[in-house]
Structure formats: structure tokens, C-alpha cells
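Structure file run-v8.cif (mmCIF, C-alpha atoms) is printed below.
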```
data_data
loop_
_atom_site.label_atom_id
_atom_site.label_comp_id
_atom_site.auth_asym_id
_atom_site.auth_seq_id
_atom_site.Cartn_x
_atom_site.Cartn_y
_atom_site.Cartn_z
CA LEU O 237 20.36 275.26 234.26
CA LEU O 238 24.17 275.14 234.35
CA ALA O 239 24.17 272.05 232.14
CA GLN O 240 21.96 273.87 229.57
CA VAL O 241 24.23 276.95 229.60
CA GLU O 242 27.29 274.76 229.13
CA GLN O 243 25.68 273.01 226.18
CA ASP O 244 24.69 276.32 224.54
CA LEU O 245 28.18 277.76 225.06
CA ALA O 246 29.79 274.64 223.58
CA GLY O 247 27.67 275.07 220.45
CA GLU O 248 28.58 278.76 220.11
CA ILE O 249 32.27 278.08 220.70
CA GLY O 250 32.25 275.35 218.04
CA ALA O 251 30.60 277.67 215.49
CA MET O 252 33.08 280.46 216.35
CA VAL O 253 36.07 278.12 215.92
CA LEU O 254 34.76 276.97 212.53
CA ARG O 255 34.35 280.59 211.38
CA HIS O 256 37.89 281.47 212.43
CA GLU O 257 39.32 278.33 210.86
CA LYS O 258 37.66 279.20 207.54
CA ARG O 259 38.96 282.78 207.72
CA VAL O 260 42.50 281.59 208.54
CA ALA O 261 42.41 279.09 205.67
CA GLU O 262 41.33 281.79 203.19
CA THR O 263 44.02 284.17 204.46
CA CYS O 264 46.72 281.48 204.25
CA GLU O 265 45.74 280.57 200.69
CA GLN O 266 45.92 284.21 199.59
CA LYS O 267 49.23 284.75 201.40
CA THR O 268 50.84 281.64 199.89
CA ARG O 269 49.63 282.67 196.44
CA ASP O 270 51.16 286.14 196.85
CA ILE O 271 54.45 284.73 198.14
CA LEU O 272 54.73 282.20 195.31
CA LEU O 273 53.90 284.71 192.57
CA THR O 274 56.34 287.25 194.03
CA ALA O 275 59.08 284.60 194.06
CA ILE O 276 58.36 283.71 190.42
CA GLN O 277 58.49 287.36 189.35
CA ARG O 278 61.75 288.00 191.22
CA TYR O 279 63.36 284.92 189.69
CA ALA O 280 62.48 285.95 186.12
CA ALA O 281 65.59 288.13 185.78
CA ALA O 282 66.47 289.75 182.47
CA HIS O 283 69.05 287.63 180.66
CA THR O 284 71.02 289.84 178.27
CA ALA O 285 74.53 288.36 178.12
CA GLU O 286 75.08 286.49 174.87
CA SER O 287 77.84 285.93 172.34
CA THR O 288 77.91 287.96 169.11
CA THR O 289 80.56 285.96 167.25
CA SER O 290 80.86 282.51 165.66
CA THR O 291 84.02 280.77 164.51
CA VAL O 292 84.43 278.87 161.25
CA ASP O 293 87.26 276.36 160.92
CA ILE O 294 89.40 276.50 157.79
CA PRO O 295 91.66 273.72 156.46
CA SER O 296 94.69 276.00 156.12
CA ASP O 297 95.67 279.65 156.45
CA GLU O 298 95.92 279.79 152.65
CA MET O 299 92.11 279.72 152.65
CA LYS O 300 92.07 283.15 154.34
CA GLY O 301 93.49 284.73 151.19
CA ARG O 302 90.83 283.05 149.03
CA ILE O 303 88.06 284.26 151.36
CA ILE O 304 89.41 287.81 151.13
CA GLY O 305 89.79 287.57 147.34
CA ARG O 306 91.57 289.85 144.93
CA GLU O 307 91.60 293.37 146.38
CA GLY O 308 89.09 292.17 148.98
CA ARG O 309 86.21 291.63 146.55
CA ASN O 310 85.14 288.25 148.00
CA ILE O 311 84.98 289.36 151.62
CA ARG O 312 83.18 292.61 150.67
CA THR O 313 80.57 290.68 148.68
CA PHE O 314 80.08 288.16 151.49
CA GLU O 315 79.65 290.88 154.15
CA LYS O 316 77.23 292.81 151.92
CA VAL O 317 74.88 289.89 151.14
CA THR O 318 74.94 288.38 154.66
CA GLY O 319 74.98 291.60 156.72
CA VAL O 320 77.75 290.36 159.01
CA ASP O 321 81.37 291.31 159.66
CA VAL O 322 84.04 288.76 158.77
CA ILE O 323 87.14 289.03 160.96
CA ILE O 324 90.31 287.50 159.53
CA ASP O 325 93.30 287.93 161.83
CA ASP O 326 96.44 286.02 162.82
CA THR O 327 94.49 283.30 164.70
CA PRO O 328 95.48 280.03 162.98
CA GLY O 329 92.83 277.77 161.42
CA VAL O 330 89.86 280.04 162.20
CA VAL O 331 87.78 282.80 160.62
CA ILE O 332 85.35 284.79 162.81
CA VAL O 333 81.83 285.85 161.81
CA SER O 334 80.39 288.70 163.87
CA ALA O 335 76.79 290.04 164.07
CA PHE O 336 74.19 290.90 166.71
CA ASP O 337 71.43 289.16 164.71
CA THR O 338 71.86 285.49 165.66
CA VAL O 339 69.94 284.10 162.65
CA ARG O 340 71.92 286.25 160.22
CA ARG O 341 75.14 285.10 161.89
CA GLU O 342 74.08 281.44 161.61
CA VAL O 343 73.27 281.86 157.90
CA ALA O 344 76.68 283.46 157.31
CA LYS O 345 78.48 280.70 159.23
CA LEU O 346 76.75 277.91 157.28
CA ALA O 347 77.25 279.67 153.94
CA LEU O 348 80.97 280.23 154.64
CA ARG O 349 81.40 276.56 155.57
CA THR O 350 79.74 275.55 152.28
CA LEU O 351 81.99 277.88 150.29
CA ILE O 352 85.12 276.56 152.03
CA GLN O 353 84.12 272.93 151.37
CA ASP O 354 83.16 273.72 147.77
CA GLY O 355 86.41 275.60 147.12
CA ARG O 356 84.85 277.92 144.53
CA ILE O 357 84.89 281.32 146.21
CA HIS O 358 83.98 284.26 143.99
CA PRO O 359 81.21 286.94 144.11
CA THR O 360 78.69 285.08 141.92
CA ARG O 361 79.12 281.81 143.83
CA ILE O 362 78.86 283.69 147.15
CA ASP O 363 75.49 285.17 146.10
CA GLU O 364 74.20 281.71 145.11
CA VAL O 365 75.34 279.93 148.29
CA VAL O 366 74.02 282.64 150.64
CA ALA O 367 70.62 282.68 148.88
CA GLU O 368 70.37 278.86 149.12
CA THR O 369 71.39 278.91 152.79
CA GLN O 370 68.79 281.59 153.62
CA LYS O 371 66.03 279.49 152.01
CA GLU O 372 67.13 276.41 153.94
CA MET O 373 67.25 278.43 157.17
CA GLU O 374 63.68 279.73 156.72
CA ILE O 375 62.42 276.16 156.21
CA HIS O 376 64.36 275.03 159.29
CA ILE O 377 62.95 277.90 161.40
CA ARG O 378 59.39 277.10 160.23
CA GLN O 379 59.83 273.50 161.35
CA LEU O 380 61.35 274.53 164.70
CA ARG O 381 58.54 276.96 165.53
CA GLN O 382 55.79 274.45 164.70
CA GLU O 383 57.45 271.79 166.84
CA ALA O 384 57.85 274.26 169.74
CA CYS O 385 54.17 275.30 169.71
CA GLN O 386 52.98 271.71 169.54
CA GLU O 387 55.29 270.54 172.33
CA ALA O 388 54.35 273.43 174.63
CA GLY O 389 50.64 273.05 173.83
CA VAL O 390 50.33 276.72 172.90
CA LEU O 391 48.21 277.24 169.79
CA GLY O 392 46.54 280.17 168.03
CA LEU O 393 49.48 282.59 168.25
CA HIS O 394 50.03 285.33 165.69
CA GLU O 395 52.27 284.22 162.79
CA LYS O 396 54.95 286.83 163.56
CA VAL O 397 55.13 285.73 167.20
CA VAL O 398 55.43 282.09 166.15
CA ASP O 399 58.24 283.04 163.76
CA LEU O 400 60.14 284.70 166.63
CA MET O 401 59.85 281.49 168.64
CA GLY O 402 61.59 279.56 165.86
CA ARG O 403 64.37 282.15 165.77
CA LEU O 404 64.97 281.76 169.52
CA ASN O 405 66.56 278.41 168.67
CA PHE O 406 69.67 280.36 167.68
CA ARG O 407 69.78 282.41 170.88
CA VAL O 408 71.58 281.23 174.00
CA SER O 409 71.11 282.50 177.56
CA TYR O 410 73.35 281.20 180.34
CA SER O 411 74.51 278.38 178.00
CA GLN O 412 70.89 277.19 177.48
CA ASN O 413 69.01 277.14 174.17
CA VAL O 414 66.27 279.77 174.60
CA ARG O 415 63.64 277.95 172.48
CA ARG O 416 64.05 274.78 174.58
CA HIS O 417 64.02 276.90 177.74
CA SER O 418 60.74 278.55 176.64
CA ILE O 419 59.09 275.15 176.15
CA GLU O 420 60.21 274.01 179.61
CA VAL O 421 58.97 277.23 181.23
CA ALA O 422 55.61 276.85 179.44
CA HIS O 423 55.08 273.47 181.10
CA LEU O 424 56.17 274.81 184.51
CA THR O 425 53.95 277.92 184.41
CA GLY O 426 51.02 275.81 183.22
CA MET O 427 51.42 273.50 186.21
CA LEU O 428 51.90 276.44 188.60
CA ALA O 429 48.76 278.13 187.26
CA GLN O 430 46.79 274.90 187.75
CA GLN O 431 48.07 274.53 191.33
CA LEU O 432 47.13 278.15 192.09
CA GLY O 433 43.63 277.73 190.67
CA LEU O 434 44.38 280.00 187.71
CA ASP O 435 43.97 279.56 183.93
CA GLU O 436 46.35 276.74 182.93
CA THR O 437 46.22 277.57 179.19
CA MET O 438 47.04 281.22 179.88
CA GLY O 439 49.82 280.11 182.25
CA ARG O 440 51.44 277.99 179.52
CA ARG O 441 51.08 280.82 177.02
CA CYS O 442 52.75 283.34 179.38
CA GLY O 443 55.64 280.98 180.13
CA PHE O 444 56.12 280.14 176.45
CA LEU O 445 56.39 283.81 175.43
CA HIS O 446 58.27 285.19 178.44
CA ASP O 447 61.65 285.55 176.67
CA ILE O 448 60.15 287.24 173.61
#
```
Show me, as C-alpha cells, the structure contained in the file I just sent.
Amino acid sequence: LLAQVEQDLAGEIGAMVLRHEKRVAETCEQKTRDILLTAIQRYAAAHTAESTTSTVDIPSDEMKGRIIGREGRNIRTFEKVTGVDVIIDDTPGVVIVSAFDTVRREVAKLALRTLIQDGRIHPTRIDEVVAETQKEMEIHIRQLRQEACQEAGVLGLHEKVVDLMGRLNFRVSYSQNVRRHSIEVAHLTGMLAQQLGLDETMGRRCGFLHDI
């Protein structure tokens, strides 16, 4: 009789242990998932510090007068068509281009470099060079955004969102190119989602767009 009771109890104890082990495993998985996701959210701090100026080298300080033009007509035309502020001060060998819009600032910087190299600086030529630079920039941005989407494996985005991704190439956060950073985060969040048993495609998509 005692042997039978012992055998029955052993069976019940084994079943009870298995039930508890399963419950503990489920609880641990949920807890680790919560901890990991909380850590990811806390780490995704808002990065807002960025530069708003670019410098353009000039061959000599005499070039500053040519950029300003007679009665300031050249610099006024340049600022009007580019939408930036051009700062010409006593700093030797440098002209400063200032704007919050990073793409606009890049266009202005490239256009000013072209004008300085060309040597012909007057309102009509400024209009031509800025228009050409803007066209080249749009083509460059289109190429950058297509490459980014392909590399991150994120397809089917709205055209306006994709355009923003190309423009992030000209934004810097903590000395890192934001477009490149977005591609890297897309791969990381895709892998994290896969490890957590979540939608890998959605994970990549979220990581890719997190800075937009």
C-alpha cells in the first residue's frame, strides 16, 4: 500500500513540477520582453543638437567684395534665390552660409563654391548656378533615398516619406549621418523583432523611420 501511494505521489509531483516550470518559463519570457522593449524605448532619446552653418573657403579676401557685389546686389540676389543667410565678417579665407534647412544650406554651399571657382559673380549668373545646383541636388537625393530603402529592405513607403529619407543624408546627429544611422537601426530593430517573436518587416520599418 505504501509503495502504491509513493508511486502515485511521485506522478502527481512530477506533473505539478512540469506545470510550474511551464508557468515560470512563460512569465520569464514576458518579463524579458518587457525589460528589453523598455530599454530600447529609453535609449531612443530625442537628438536635437545640430549645426546650422556651413563654411565655404575662398581663395582671398578680395573675393568677399565680389560676393557682396556693387551696393550688395550679388549677396542680396544669392540670399533671395537660395533662402539662406550669407555671413561675411573679418574671418580670413572663409564665408559662412547659415540656414536651418540642411538641404537648402547644402545647395547654397555648393552653388557658392561653383560661383567662386567660375569667377563670374553677378545676379544673372547666380540665378543660373543656383537653379542648376538645385536640379543636381534633387537627382542626388532621389538616388540616396532609393539606395537607403533597398539597403534597409524597407519597400512600399509613401513617396513623400521616401523623399524625407534621402534628405536625412544632410542631417547630422551626434556627428553621425542620420540616413546611415537609420539604415543601421532598421537592421537592428528587424533582428530584435525576430528574436522577440514579433514582425521582422514591421521592426525594420519602425527602425528605418524612427528619426523622421
- Which of these residues is nearest to Arg403 in chain O, using all atoms listed in the file: O:Val317, O:Ala347, O:Val339, O:Val390?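 Residue with the minimum atom-to-atom distance to Arg403 in chain O: O:Val339.
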- Item | Nearby residues (only C-alpha atoms) at most 12 Å from Arg407 in chain O, same-chain spacing under 3 positions excluded, as JSON, numbers by chain | {"O": [283, 284, 285, 286, 287, 288, 289, 336, 337, 338, 339, 340, 341, 342, 400, 401, 402, 403, 404, 410, 411, 412, 413, 414, 415, 416, 417, 418, 447, 448]}
Residue members of the PyMOL selection byres ((chain O and resi 291-304) around 8) in the file shown, as a CSV table (one decimal) with C-alpha atoms, keeping the file's coordinate frame:
```csv
chain,number,residue,atom,x,y,z
O,289,THR,CA,80.6,286.0,167.2
O,290,SER,CA,80.9,282.5,165.7
O,305,GLY,CA,89.8,287.6,147.3
O,306,ARG,CA,91.6,289.8,144.9
O,307,GLU,CA,91.6,293.4,146.4
O,308,GLY,CA,89.1,292.2,149.0
O,309,ARG,CA,86.2,291.6,146.6
O,310,ASN,CA,85.1,288.2,148.0
O,311,ILE,CA,85.0,289.4,151.6
O,312,ARG,CA,83.2,292.6,150.7
O,324,ILE,CA,90.3,287.5,159.5
O,328,PRO,CA,95.5,280.0,163.0
O,329,GLY,CA,92.8,277.8,161.4
O,330,VAL,CA,89.9,280.0,162.2
O,331,VAL,CA,87.8,282.8,160.6
O,332,ILE,CA,85.4,284.8,162.8
O,333,VAL,CA,81.8,285.8,161.8
O,345,LYS,CA,78.5,280.7,159.2
O,348,LEU,CA,81.0,280.2,154.6
O,349,ARG,CA,81.4,276.6,155.6
O,352,ILE,CA,85.1,276.6,152.0
O,357,ILE,CA,84.9,281.3,146.2
```
- 9 Å contact set for range 372-374 of chain O, only C-alpha atoms, chain neighbours under 4 positions out, as number ranges by chain: O: 339, 342-343, 367-368, 378-379
- For the file shown, what are the residues hit by the PyMOL selection byres ((chain O and resi 443) around 9), laid out as a ChimeraX atom specification? /O:418-426,438-442,444-447
- Between CA of Thr350 in chain O and CA of Asp363 in chain O, what is the distance, to one decimal in Å? 12.2 Å
- Message: So the first atom is CA of Ala384 in chain O and the second is CA of Phe406 in chain O; what is the distance between them in Å, to one decimal place?
- Response: 13.5 Å
Around range 287-302 of chain O, fit a box with edges along x, y and z, padding it by 5 Å on each side, then list its centre and edge lengths in Å to one decimal as AutoDock Vina command-line options.
```
--center_x 86.9 --center_y 280.8 --center_z 160.7 --size_x 28.1 --size_y 24.2 --size_z 33.3
```
- Task: Identify which of the residues O:Glu242, O:Glu436, O:Glu257, O:Glu315 lies closest to Val366 in chain O, counting all atoms listed in the file when measuring atom-to-atom distances.
- Result: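 Comparing O:Glu242, O:Glu436, O:Glu257, O:Glu315 against Val366 in chain O, the winner is O:Glu315.
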- Item | Coordinates-based distance that separates CA of Glu248 in chain O from CA of Thr263 in chain O (Å, one decimal) |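 These atoms are spaced 22.6 Å apart.
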- Selection near range 264-275 of chain O, 10 Å with all atoms listed in the file, sequence-local residues under 6 positions removed, as an MDAnalysis selection string: chainID O and resid 258 428:429 431:433
- Given the choices O:Ala239, O:Val320, O:His394, O:Ile375, which gets closest to Ser334 in chain O if the distance is worked out from only C-alpha atoms? O:Val320
Since the input lacks some atoms of range 312-327 of chain O, please model N, CA and C atoms and print them as a PDB file, in the frame of the given file.
```pdb
ATOM      1  N   ARG O 312      84.153 291.496 150.749  1.00  0.00           N
ATOM      2  CA  ARG O 312      83.180 292.610 150.670  1.00  0.00           C
ATOM      3  C   ARG O 312      81.820 292.110 150.197  1.00  0.00           C
ATOM      4  N   THR O 313      81.829 291.241 149.192  1.00  0.00           N
ATOM      5  CA  THR O 313      80.570 290.680 148.680  1.00  0.00           C
ATOM      6  C   THR O 313      79.876 289.855 149.752  1.00  0.00           C
ATOM      7  N   PHE O 314      80.653 289.021 150.442  1.00  0.00           N
ATOM      8  CA  PHE O 314      80.080 288.160 151.490  1.00  0.00           C
ATOM      9  C   PHE O 314      79.461 289.003 152.606  1.00  0.00           C
ATOM     10  N   GLU O 315      80.163 290.028 153.068  1.00  0.00           N
ATOM     11  CA  GLU O 315      79.650 290.880 154.150  1.00  0.00           C
ATOM     12  C   GLU O 315      78.404 291.640 153.700  1.00  0.00           C
ATOM     13  N   LYS O 316      78.379 292.049 152.433  1.00  0.00           N
ATOM     14  CA  LYS O 316      77.230 292.810 151.920  1.00  0.00           C
ATOM     15  C   LYS O 316      75.969 291.953 151.858  1.00  0.00           C
ATOM     16  N   VAL O 317      76.081 290.720 151.333  1.00  0.00           N
ATOM     17  CA  VAL O 317      74.880 289.890 151.140  1.00  0.00           C
ATOM     18  C   VAL O 317      74.410 289.231 152.434  1.00  0.00           C
ATOM     19  N   THR O 318      75.329 289.031 153.394  1.00  0.00           N
ATOM     20  CA  THR O 318      74.940 288.380 154.660  1.00  0.00           C
ATOM     21  C   THR O 318      74.626 289.392 155.764  1.00  0.00           C
ATOM     22  N   GLY O 319      75.198 290.591 155.682  1.00  0.00           N
ATOM     23  CA  GLY O 319      74.980 291.600 156.720  1.00  0.00           C
ATOM     24  C   GLY O 319      75.785 291.353 157.976  1.00  0.00           C
ATOM     25  N   VAL O 320      76.892 290.633 157.861  1.00  0.00           N
ATOM     26  CA  VAL O 320      77.750 290.360 159.010  1.00  0.00           C
ATOM     27  C   VAL O 320      79.142 290.942 158.761  1.00  0.00           C
ATOM     28  N   ASP O 321      79.961 290.948 159.796  1.00  0.00           N
ATOM     29  CA  ASP O 321      81.370 291.310 159.660  1.00  0.00           C
ATOM     30  C   ASP O 321      82.204 290.030 159.706  1.00  0.00           C
ATOM     31  N   VAL O 322      83.137 289.899 158.781  1.00  0.00           N
ATOM     32  CA  VAL O 322      84.040 288.760 158.770  1.00  0.00           C
ATOM     33  C   VAL O 322      85.399 289.237 159.267  1.00  0.00           C
ATOM     34  N   ILE O 323      85.870 288.633 160.347  1.00  0.00           N
ATOM     35  CA  ILE O 323      87.140 289.030 160.960  1.00  0.00           C
ATOM     36  C   ILE O 323      88.194 287.979 160.645  1.00  0.00           C
ATOM     37  N   ILE O 324      89.210 288.397 159.886  1.00  0.00           N
ATOM     38  CA  ILE O 324      90.310 287.500 159.530  1.00  0.00           C
ATOM     39  C   ILE O 324      91.586 288.090 160.129  1.00  0.00           C
ATOM     40  N   ASP O 325      92.092 287.427 161.164  1.00  0.00           N
ATOM     41  CA  ASP O 325      93.300 287.930 161.830  1.00  0.00           C
ATOM     42  C   ASP O 325      94.381 286.853 161.839  1.00  0.00           C
ATOM     43  N   ASP O 326      95.313 286.951 162.770  1.00  0.00           N
ATOM     44  CA  ASP O 326      96.440 286.020 162.820  1.00  0.00           C
ATOM     45  C   ASP O 326      96.113 284.691 163.508  1.00  0.00           C
ATOM     46  N   THR O 327      94.870 284.552 164.027  1.00  0.00           N
ATOM     47  CA  THR O 327      94.490 283.300 164.700  1.00  0.00           C
ATOM     48  C   THR O 327      94.537 282.150 163.698  1.00  0.00           C
TER      49      THR O 327
END
```
